[in-house]
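Written below as C-alpha cells is the structure these notes are about.
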Amino acid sequence: MGKLTTIDWVLNRVHDETVLMIGGFLGVGTPDSLIDGIVKKGVKNLTIIANDTCYPGMGIGKLVVNKQVKKLIVSHIGTNSETGRQMTAGEIEVELAPQGTLAERIRAGGAGLGGVLTPTGLGTVVAEGKKTIIANGKEFLLELPLRAQVALIKAYKADTRGNLLFRSSSRNFNPLMAAAADYVVAEVEHFVPEGDISPNEVMTPGIFVDNIILQEVYDNAVEVGKGGA
Amino acid sequence: MGKLTTIDWVLNRVHDETVLMIGGFLGVGTPDSLIDGIVKKGVKNLTIIANDTCYPGMGIGKLVVNKQVKKLIVSHIGTNSETGRQMTAGEIEVELAPQGTLAERIRAGGAGLGGVLTPTGLGTVVAEGKKTIIANGKEFLLELPLRAQVALIKAYKADTRGNLLFRSSSRNFNPLMAAAADYVVAEVEHFVPEGDISPNEVMTPGIFVDNIILQEVYDNAVEVGKGGA
Amino acid sequence: MKPKEIIARRVARELRAGNVVNLGIGIPTLVANYLPENMDVELHSENGFIGLGPVPQEGHEDADVINAGGQHVTINTGGAFFDSAMSFAIIRGGHLDITVLGALEVDEQGNLANWMVPGKLVPGMGGAMDLTVGARKVIVAMEHNAKNGSAKILKKCRLPLTARKEVDLIITEKAVIEVTEEGLVLKEVAPGFTVEDVRNATEAELIVSSELKEMAV
Amino acid sequence: MKPKEIIARRVARELRAGNVVNLGIGIPTLVANYLPENMDVELHSENGFIGLGPVPQEGHEDADVINAGGQHVTINTGGAFFDSAMSFAIIRGGHLDITVLGALEVDEQGNLANWMVPGKLVPGMGGAMDLTVGARKVIVAMEHNAKNGSAKILKKCRLPLTARKEVDLIITEKAVIEVTEEGLVLKEVAPGFTVEDVRNATEAELIVSSELKEMAV
C-alpha cells in the first residue's frame, strides 16, 4: 500500500487557498509536524476548519500568527488573542459554530448526509441566514455538511493499511475529519505492521486514510496544559 | 452502581404496546436471552425497531412467530417468511427503511437531532409522505429520528459501570440503540469489574446503559450461519 | 462456463487494486472468486466491516462474523469492524468505489429495481438503496433475461425503484452495457452472441459503441 | 468564604449520585471540590470523555488528557474516551443531567448570554450553546453582579444569546433563583443578605417563594 510518506509529499497537496481540516482541541490531538511544515512552506489564504486556534505560538495558532489563514470555521477563538486581533482588524474571516454543530457538520460531510437538524443555536445569531425546519412539531436549524480538500489529523498509532488508534482526549475531531476530506493524512506516534491492530480495536478504518507521516519528536505536554490554565 | 440484574427485572419494563429497539443483524448481536424472556412473558402488540426479523425460529423471529408484534420498523424481512405472511395477511404493520437511513434515524434519536437529510430513497416509494429539502442545490429526503421506550442490546463484555465492548460483526446497531431509548439493557457474555475495560477501549460509555444481564449459554453459531446460506 | 460464472468473471475485471467494493448477495458474491491473486481489493460488508475474507472451513465458524447475507465468513488481517452508522457513512459518504448488485429490472435511464415485486415478494431494501445511491460506481450483475425469457433491461422499469438514475454499468452473460446520458451503450458482446442476439433479448434501445468489443471472460 | 466558594458549594448540593454533569470553565469547575466524598457523579468533559478526575500532580501530567479549558486533568477508573460527535450526542441527546455554566447575563425568561460582547470580546461559543440546549437541567453559577456592580440578572438579556429559555436555576453568592413559567422565583437568600438586598442587586422582577429559605452553603 505504501501509505507512509514524508511531510514534503503531503505538502504537495497544500497550496494557497486550500481548504483544510485540522484535528485537535486546544492543541491536543493536533498534527504538529504537519503544521510546522505548512509554516515552513508559507502557503497563504488557507481556510481552516478546526475546533479552535489553540494558543498564539502553538498548534493551529502558528498558522494564524504567521498570517497564512484567510478564513476560519471554528467553535472557539478565545485562547488565541492574535486570532481575535486579526478578526477585529478584518484580516481574517471567522465563522463561529457551536462545537456540537461543528462536529455534526463534519460528520455529515463524511457520511454523505445533506445536513442535520439541530436545536442548538435557535434564537441566537447562529440561526441567522439558516433555514428553520419544523420536524415532529418542533423547531430546528438546518446545518449543512462541511468537507475539506485536505484533512490533517493526529493519531496515536497507525498500521500499514492506515487503520488508526487515537489516545485519550486527543481523539476529539480527528475520526470525524478522517472521513470528510478528499485527501486525508494522519500524523502518528507509532507505525506498526498490518495485523498489529485488531479489527475490533480499529477506531478509524484505513480506507479513510491516504497517507501517514511519523510525528517528529515533541514534548510540549506541560506547556499545552499550562497554556489553558 | 448495581447495574447487573435479572431478566425478570428487565421484563418489568416490557409490556403490551411497548416500543422496543432490538440489536442484531440476522441474529448476530441479538440479545437472545432477553428475547426468550419476552416470549415466555407473552406480552403482545409490541413495536419493534430492528434491522431485520432474523429467521422464523430464531432471534427476533421468535417474537414474530409467537404473534407478539404489532408493528415493525426494519430494513429487511426477506429471511423470515412468517413476517411476510403476517404482513400480507394484514396481521402486522411493516415500515421498511433503507438500512443506512434506519441507522441514521436511530443515531439521530440518541444524539438529539431533529432529523437528517439523506439522498437515499429519492424517487422511490421510501420518499412517499416525506419532506424533500433542497440543500446546497441538491435534493434530499428529511428522515426523522427514532427512539424507543426500551432498547435491548447485545454486547460482548460489560464492566460494573455499564461500559461496553462489542465483538466483530455483532456490533452493528447495538451502539446506536444504546443511546436512543429511555431504558437500555445490555445482555453480555462477560461481566467484569470497573477498570478492566480501559477508557480508550470503551465502545459504548456506561452512562447509556441502565441494566446489564448475563447471557444464558447459547451455541447457535453454526445454525445462525446456515440459516442465511 | 455457466452464465453466473461468465458474469462474475467479467465483473472481476472492473475492479482495481485499492478499490473499496461491496458485493451484493447472489452472483455479485461470486466475483470475489475471480479476483487476481494478491490483488488488494477491500471488500466491505454492510453489516459492519471492511476486509471481508473467504468462507471459513466447516467447524471453524466464528458466531460473530457473518456477511450481509447471514453466512459465516472471515475477516482479513488489517480489516476493521464498525457499527452500522459507520458502515453506511462509508457507503453514503462516497468512500465506496464500487457496488455490485443483482437486479430484477434496469432501464435506459439507469434506474434500478431489485427490492420488491408488489403482491408477491417484499423482502425489503436492506442496504441496497444506500449502496446504489452512495457508491461511486454502480455495477448491475445479472443474467440478461428472466427465467421465463422476458427482458430485464427495459425502456422504463415497471417495478418499484431501488434508486433513480444511479446505475453505471450492466454486466450479463451476453453483454456489457454502459449507462450514458445518451442512453444504453453496448460496449461488449459475449463470445457466441451477435449484436442482434443481444438486441432481441433486450427491451431497451441499445446504442452500439463505435469501439464494440468481444466480452472478455 | 469567598463568593466563588459560596456559589460552588451551593451548586454542589444540586448534584445527585448517578448524575451525569458537565461543569463549565471558572466557578463551575470549582463545584467538583465540594462534592461529598464517594458521591458517584459522572463528570463529562466535552472535549471527549466521561469520568473527569482531579488535576494531576506536577510532573504527572498526561499530554493527551486535558479538560475543555485546556488544563491537564485525569480520568477516573471506569471512565471512557470518545470523539467529539459522541461527546455532543451525549449533550444534545438528553444524556446529560446537569450543566453548570457561568453567565454574563441571564433574564426573566431563562435566556442566557455568556459567549460574546460585541466589539469587545468574541471568544466563541465553544460547547456552551449545545450544553445549554441539550442538558436536562441548566444551572447558571455566577457572581450576582458584574465587577462594576451592574445587574446581570435582567428583565431581558442585552447581549447576544447563547440559548433561548433554557436556564432552570441561577445560583449566586446572594441567592438561589428558579426560572419558572411565571418568572424568576427567589427560593433562597444567603446568610447576611435580605430579600431587599437581592432585589436591589437584581434588575429582573423577583417573585418571593412562599417557601423562601436561607441559602445553605
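Chain labels follow the order of the C-alpha cells: the first chain is A, the next B, and so on; residue numbering restarts at 1 in every chain, and ligands are counted from 1 in their shown order.
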Practice problem: Would you list the contacts of D:Val198 as JSON, numbers by chain, taking every protein, DNA or RNA residue within 10 Å and counting only C-alpha atoms, but skipping same-chain residues closer than 2 positions in sequence? | Solution: {"D": [144, 174, 175, 186, 189, 190, 193, 194, 195, 196, 200, 201, 202, 203, 206]}
Could you produce a table of the residues of chain A lying within 7 Å of chain B, with the nearest pair of atoms per residue and their separation in Å rounded to one decimal, using only C-alpha atoms, ordered by chain and increasing residue number, as a tab-separated table?
```
residue	atom	partner	partner_atom	distance
A:Leu113	CA	B:Thr118	CA	5.0
A:Gly114	CA	B:Leu117	CA	4.8
A:Gly115	CA	B:Leu117	CA	5.2
A:Val116	CA	B:Val116	CA	4.5
A:Leu117	CA	B:Gly114	CA	4.8
A:Thr118	CA	B:Leu113	CA	5.0
A:Ala135	CA	B:Gly114	CA	6.3
A:Phe140	CA	B:Gly114	CA	6.4
A:Arg167	CA	B:Asn200	CA	6.5
A:Ser168	CA	B:Asn200	CA	5.9
A:Asn200	CA	B:Ser168	CA	5.9
```
Write to file, as a compact mmCIF listing (two decimals), in the first residue's frame, the residues of the selection just made, with all heavy atoms.
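out_8.txt was written with the following content:
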```txt
# COMPACT_ATOMS: atom_id res chain seq x y z
N LEU A 113 -24.49 12.88 4.19
CA LEU A 113 -25.77 13.47 4.56
C LEU A 113 -25.83 14.90 4.03
O LEU A 113 -24.81 15.61 4.01
CB LEU A 113 -25.95 13.48 6.08
CG LEU A 113 -25.94 12.09 6.75
CD1 LEU A 113 -25.94 12.23 8.26
CD2 LEU A 113 -27.12 11.26 6.27
N GLY A 114 -27.02 15.34 3.65
CA GLY A 114 -27.17 16.69 3.11
C GLY A 114 -27.27 17.74 4.20
O GLY A 114 -27.26 18.94 3.92
N GLY A 115 -27.34 17.31 5.43
CA GLY A 115 -27.43 18.23 6.56
C GLY A 115 -28.08 17.53 7.73
O GLY A 115 -28.52 16.39 7.62
N VAL A 116 -28.08 18.23 8.86
CA VAL A 116 -28.74 17.70 10.06
C VAL A 116 -29.57 18.82 10.68
O VAL A 116 -29.28 20.00 10.51
CB VAL A 116 -27.74 17.17 11.11
CG1 VAL A 116 -26.95 15.99 10.57
CG2 VAL A 116 -26.80 18.27 11.59
N LEU A 117 -30.62 18.40 11.40
CA LEU A 117 -31.45 19.35 12.11
C LEU A 117 -31.04 19.35 13.58
O LEU A 117 -31.05 18.31 14.23
CB LEU A 117 -32.93 18.95 12.02
CG LEU A 117 -33.52 18.74 10.64
CD1 LEU A 117 -35.04 18.64 10.74
CD2 LEU A 117 -33.14 19.84 9.68
N THR A 118 -30.67 20.53 14.08
CA THR A 118 -30.28 20.63 15.48
C THR A 118 -31.03 21.76 16.16
O THR A 118 -31.32 22.78 15.53
CB THR A 118 -28.75 20.84 15.63
OG1 THR A 118 -28.45 21.01 17.02
CG2 THR A 118 -28.26 22.06 14.88
N ALA A 135 -39.95 19.79 12.52
CA ALA A 135 -39.98 18.34 12.41
C ALA A 135 -40.60 17.79 13.69
O ALA A 135 -40.20 18.20 14.78
CB ALA A 135 -38.57 17.77 12.20
N PHE A 140 -36.16 23.35 14.41
CA PHE A 140 -34.73 23.02 14.35
C PHE A 140 -34.04 23.89 13.31
O PHE A 140 -34.67 24.37 12.37
CB PHE A 140 -34.53 21.55 13.96
CG PHE A 140 -35.07 20.57 14.96
CD1 PHE A 140 -36.35 20.04 14.80
CD2 PHE A 140 -34.33 20.20 16.05
CE1 PHE A 140 -36.85 19.14 15.73
CE2 PHE A 140 -34.83 19.29 16.99
CZ PHE A 140 -36.10 18.77 16.83
N ARG A 167 -5.62 8.23 21.09
CA ARG A 167 -5.34 8.05 22.51
C ARG A 167 -6.02 9.15 23.32
O ARG A 167 -5.87 10.32 23.05
CB ARG A 167 -3.82 8.08 22.72
CG ARG A 167 -3.41 7.66 24.10
CD ARG A 167 -1.90 7.55 24.25
NE ARG A 167 -1.60 7.38 25.66
CZ ARG A 167 -1.57 8.38 26.53
NH1 ARG A 167 -1.76 9.62 26.13
NH2 ARG A 167 -1.35 8.15 27.81
N SER A 168 -6.81 8.73 24.28
CA SER A 168 -7.38 9.63 25.29
C SER A 168 -8.08 10.82 24.65
O SER A 168 -8.74 10.66 23.63
CB SER A 168 -6.27 10.06 26.25
OG SER A 168 -5.62 8.92 26.78
N ASN A 200 -11.18 -5.43 15.83
CA ASN A 200 -12.14 -4.94 16.81
C ASN A 200 -11.70 -3.64 17.48
O ASN A 200 -12.52 -2.92 18.03
CB ASN A 200 -12.36 -6.00 17.91
CG ASN A 200 -13.45 -6.97 17.52
OD1 ASN A 200 -14.55 -6.57 17.18
ND2 ASN A 200 -13.13 -8.26 17.53
```
Exercise. Would you give me, as a ChimeraX atom specification, the residues of chain A that come within 9 Å of chain D, using only C-alpha atoms?
Key: /A:25-29,51-52,74-80,84,88,96-104,107,118-125,167-176,219-222,224-229
Self-check item: 12 Å contact set for C:Val138, only C-alpha atoms, chain neighbours under 5 positions out, as a count of residues only
Solution: 39
Quiz item: Which residues come within 7 Å of stretch 70-72 of chain B, counting only C-alpha atoms, excluding same-chain residues fewer than 5 positions away, as a PyMOL selection string?
Solution: chain B and resi 45-49+92-95
Quiz item: Just how far from atom CA of A:Ile35 is atom CA of A:Arg13, in Å to one decimal?
Solution: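 So the answer is 13.3 Å.
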Strand (DSSP E or B) positions in stretch 78-174 of chain B, given as a short mmCIF file (atom, residue, chain, number, x, y, z; two decimals) with C-alpha atoms, in the first residue's frame:
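As written to disk, selection.cif reads:
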```cif
data_model
loop_
_atom_site.label_atom_id
_atom_site.label_comp_id
_atom_site.auth_asym_id
_atom_site.auth_seq_id
_atom_site.Cartn_x
_atom_site.Cartn_y
_atom_site.Cartn_z
CA GLU B 93 -47.63 -3.48 10.07
CA VAL B 94 -44.21 -3.25 8.46
CA GLU B 95 -42.41 0.03 7.82
CA LEU B 96 -39.41 -0.67 5.62
CA GLY B 115 -33.61 14.64 11.61
CA VAL B 116 -31.09 14.12 8.85
CA LEU B 117 -31.08 14.78 5.13
CA THR B 118 -30.22 11.77 3.01
CA THR B 132 -37.98 16.85 0.37
CA ILE B 133 -35.43 19.55 1.17
CA ILE B 134 -33.00 21.31 -1.13
CA ALA B 135 -29.63 21.88 0.50
CA LYS B 138 -29.23 19.19 -4.15
CA GLU B 139 -32.36 17.30 -3.23
CA PHE B 140 -32.59 15.23 -0.04
CA LEU B 141 -35.19 13.39 1.98
CA LEU B 142 -35.78 14.54 5.53
CA GLU B 143 -35.68 11.44 7.72
CA ALA B 148 -37.83 3.59 21.83
CA GLN B 149 -39.08 3.06 25.34
CA VAL B 150 -36.74 0.13 25.80
CA ALA B 151 -33.58 -0.91 23.95
CA LEU B 152 -32.40 -4.48 24.28
CA ILE B 153 -28.86 -4.77 23.05
CA LYS B 154 -26.16 -7.40 22.98
CA ALA B 155 -22.55 -6.74 23.93
CA TYR B 156 -19.56 -8.97 24.39
CA LYS B 157 -18.38 -7.51 27.68
CA ALA B 158 -19.60 -5.01 30.25
CA ASP B 159 -17.97 -3.60 33.35
CA LEU B 164 -19.48 -1.96 26.78
CA LEU B 165 -17.31 -3.77 24.29
#
```
Practice problem: Could you find all residues in stretch 85-214 of chain D that DSSP calls helix (DSSP H, G or I) from the backbone, and write them as a VMD selection string? | Solution: chain D and resid 85 to 92 128 to 134 195 to 200
Expected file: the selected residues, all heavy atoms, as a short mmCIF file (atom, residue, chain, number, x, y, z; two decimals), in the first residue's frame:
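Output file out04.cif is given in full below:
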```
data_model
loop_
_atom_site.label_atom_id
_atom_site.label_comp_id
_atom_site.auth_asym_id
_atom_site.auth_seq_id
_atom_site.Cartn_x
_atom_site.Cartn_y
_atom_site.Cartn_z
N ALA D 85 -18.21 13.93 18.16
CA ALA D 85 -19.60 13.68 17.76
C ALA D 85 -20.33 12.95 18.88
O ALA D 85 -21.47 13.30 19.23
CB ALA D 85 -19.65 12.88 16.46
N MET D 86 -19.69 11.95 19.46
CA MET D 86 -20.29 11.22 20.59
C MET D 86 -20.42 12.14 21.79
O MET D 86 -21.43 12.10 22.51
CB MET D 86 -19.41 10.01 20.92
CG MET D 86 -19.82 9.29 22.19
SD MET D 86 -21.50 8.62 22.12
CE MET D 86 -21.12 6.91 21.69
N SER D 87 -19.43 12.96 22.03
CA SER D 87 -19.47 13.86 23.19
C SER D 87 -20.69 14.76 23.13
O SER D 87 -21.37 14.98 24.14
CB SER D 87 -18.20 14.70 23.24
OG SER D 87 -18.16 15.45 24.42
N PHE D 88 -20.98 15.27 21.95
CA PHE D 88 -22.13 16.17 21.81
C PHE D 88 -23.44 15.41 21.57
O PHE D 88 -24.51 15.96 21.80
CB PHE D 88 -21.84 17.25 20.76
CG PHE D 88 -20.95 18.31 21.34
CD1 PHE D 88 -19.57 18.14 21.37
CD2 PHE D 88 -21.48 19.43 21.95
CE1 PHE D 88 -18.75 19.09 21.96
CE2 PHE D 88 -20.66 20.38 22.55
CZ PHE D 88 -19.29 20.20 22.55
N ALA D 89 -23.35 14.16 21.17
CA ALA D 89 -24.56 13.32 21.17
C ALA D 89 -25.02 13.13 22.62
O ALA D 89 -26.21 13.16 22.92
CB ALA D 89 -24.27 11.98 20.51
N ILE D 90 -24.06 12.97 23.52
CA ILE D 90 -24.39 12.85 24.94
C ILE D 90 -25.07 14.14 25.42
O ILE D 90 -26.10 14.11 26.10
CB ILE D 90 -23.12 12.55 25.76
CG1 ILE D 90 -22.64 11.12 25.48
CG2 ILE D 90 -23.36 12.77 27.26
CD1 ILE D 90 -21.28 10.78 26.07
N ILE D 91 -24.50 15.26 25.03
CA ILE D 91 -25.03 16.56 25.47
C ILE D 91 -26.40 16.83 24.85
O ILE D 91 -27.38 17.12 25.53
CB ILE D 91 -24.04 17.69 25.07
CG1 ILE D 91 -22.74 17.56 25.87
CG2 ILE D 91 -24.68 19.06 25.22
CD1 ILE D 91 -21.63 18.48 25.40
N ARG D 92 -26.47 16.74 23.54
CA ARG D 92 -27.67 17.15 22.80
C ARG D 92 -28.79 16.13 22.95
O ARG D 92 -29.97 16.47 22.87
CB ARG D 92 -27.30 17.33 21.33
CG ARG D 92 -28.11 18.33 20.58
CD ARG D 92 -27.85 18.23 19.11
NE ARG D 92 -26.49 18.43 18.69
CZ ARG D 92 -25.63 17.45 18.39
NH1 ARG D 92 -25.97 16.18 18.45
NH2 ARG D 92 -24.40 17.74 18.00
N ALA D 128 -20.92 25.79 24.63
CA ALA D 128 -21.94 26.35 25.52
C ALA D 128 -23.35 26.29 24.96
O ALA D 128 -24.31 26.04 25.68
CB ALA D 128 -21.58 27.78 25.90
N MET D 129 -23.50 26.54 23.66
CA MET D 129 -24.85 26.53 23.08
C MET D 129 -25.46 25.13 23.12
O MET D 129 -26.64 24.96 23.43
CB MET D 129 -24.82 27.05 21.65
CG MET D 129 -24.60 28.55 21.57
SD MET D 129 -24.90 29.15 19.89
CE MET D 129 -24.61 30.91 20.14
N ASP D 130 -24.65 24.13 22.79
CA ASP D 130 -25.14 22.75 22.84
C ASP D 130 -25.44 22.34 24.27
O ASP D 130 -26.46 21.69 24.54
CB ASP D 130 -24.09 21.79 22.25
CG ASP D 130 -23.80 22.08 20.80
OD1 ASP D 130 -24.62 21.71 19.95
OD2 ASP D 130 -22.75 22.67 20.50
N LEU D 131 -24.57 22.69 25.18
CA LEU D 131 -24.78 22.32 26.59
C LEU D 131 -26.07 22.92 27.11
O LEU D 131 -26.84 22.26 27.81
CB LEU D 131 -23.60 22.82 27.44
CG LEU D 131 -22.32 21.98 27.32
CD1 LEU D 131 -21.10 22.76 27.81
CD2 LEU D 131 -22.46 20.68 28.13
N THR D 132 -26.33 24.18 26.78
CA THR D 132 -27.50 24.85 27.32
C THR D 132 -28.78 24.28 26.73
O THR D 132 -29.78 24.11 27.43
CB THR D 132 -27.39 26.37 27.04
OG1 THR D 132 -26.06 26.80 27.33
CG2 THR D 132 -28.36 27.15 27.88
N VAL D 133 -28.74 23.99 25.45
CA VAL D 133 -29.93 23.43 24.79
C VAL D 133 -30.13 21.96 25.17
O VAL D 133 -31.27 21.50 25.31
CB VAL D 133 -29.80 23.56 23.25
CG1 VAL D 133 -30.85 22.74 22.54
CG2 VAL D 133 -29.91 25.03 22.85
N GLY D 134 -29.02 21.24 25.36
CA GLY D 134 -29.12 19.79 25.48
C GLY D 134 -29.31 19.25 26.89
O GLY D 134 -29.99 18.24 27.08
N VAL D 195 -34.04 39.91 51.47
CA VAL D 195 -34.73 39.89 50.19
C VAL D 195 -34.52 41.23 49.48
O VAL D 195 -34.28 41.28 48.26
CB VAL D 195 -36.24 39.59 50.38
CG1 VAL D 195 -37.01 39.83 49.09
CG2 VAL D 195 -36.44 38.16 50.86
N GLU D 196 -34.57 42.30 50.25
CA GLU D 196 -34.39 43.62 49.64
C GLU D 196 -33.00 43.78 49.05
O GLU D 196 -32.83 44.37 47.98
CB GLU D 196 -34.67 44.73 50.68
CG GLU D 196 -36.13 45.12 50.77
CD GLU D 196 -36.80 45.22 49.39
OE1 GLU D 196 -36.44 46.12 48.59
OE2 GLU D 196 -37.65 44.36 49.11
N ASP D 197 -31.98 43.26 49.76
CA ASP D 197 -30.61 43.31 49.22
C ASP D 197 -30.56 42.63 47.84
O ASP D 197 -29.96 43.15 46.90
CB ASP D 197 -29.64 42.55 50.15
CG ASP D 197 -29.42 43.28 51.47
OD1 ASP D 197 -29.64 44.51 51.51
OD2 ASP D 197 -29.06 42.60 52.45
N VAL D 198 -31.20 41.47 47.76
CA VAL D 198 -31.17 40.71 46.49
C VAL D 198 -31.92 41.50 45.43
O VAL D 198 -31.44 41.65 44.29
CB VAL D 198 -31.77 39.30 46.67
CG1 VAL D 198 -31.83 38.58 45.33
CG2 VAL D 198 -30.95 38.51 47.68
N ARG D 199 -33.08 42.04 45.79
CA ARG D 199 -33.87 42.82 44.82
C ARG D 199 -33.08 44.02 44.31
O ARG D 199 -33.09 44.33 43.12
CB ARG D 199 -35.17 43.31 45.47
CG ARG D 199 -36.24 42.23 45.50
CD ARG D 199 -37.63 42.86 45.56
NE ARG D 199 -38.64 41.90 45.13
CZ ARG D 199 -39.64 41.47 45.92
NH1 ARG D 199 -39.79 41.93 47.15
NH2 ARG D 199 -40.50 40.59 45.45
N ASN D 200 -32.37 44.67 45.22
CA ASN D 200 -31.61 45.86 44.82
C ASN D 200 -30.46 45.51 43.86
O ASN D 200 -30.03 46.35 43.07
CB ASN D 200 -31.05 46.57 46.05
CG ASN D 200 -32.15 47.27 46.83
OD1 ASN D 200 -33.21 47.58 46.28
ND2 ASN D 200 -31.92 47.49 48.12
#
```
Self-check item: Separation of atom CA of A:Val19 from atom CA of A:Arg147, in Å and rounded to one decimal
Solution: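 Between atom CA of A:Val19 and atom CA of A:Arg147 the gap is 8.4 Å.
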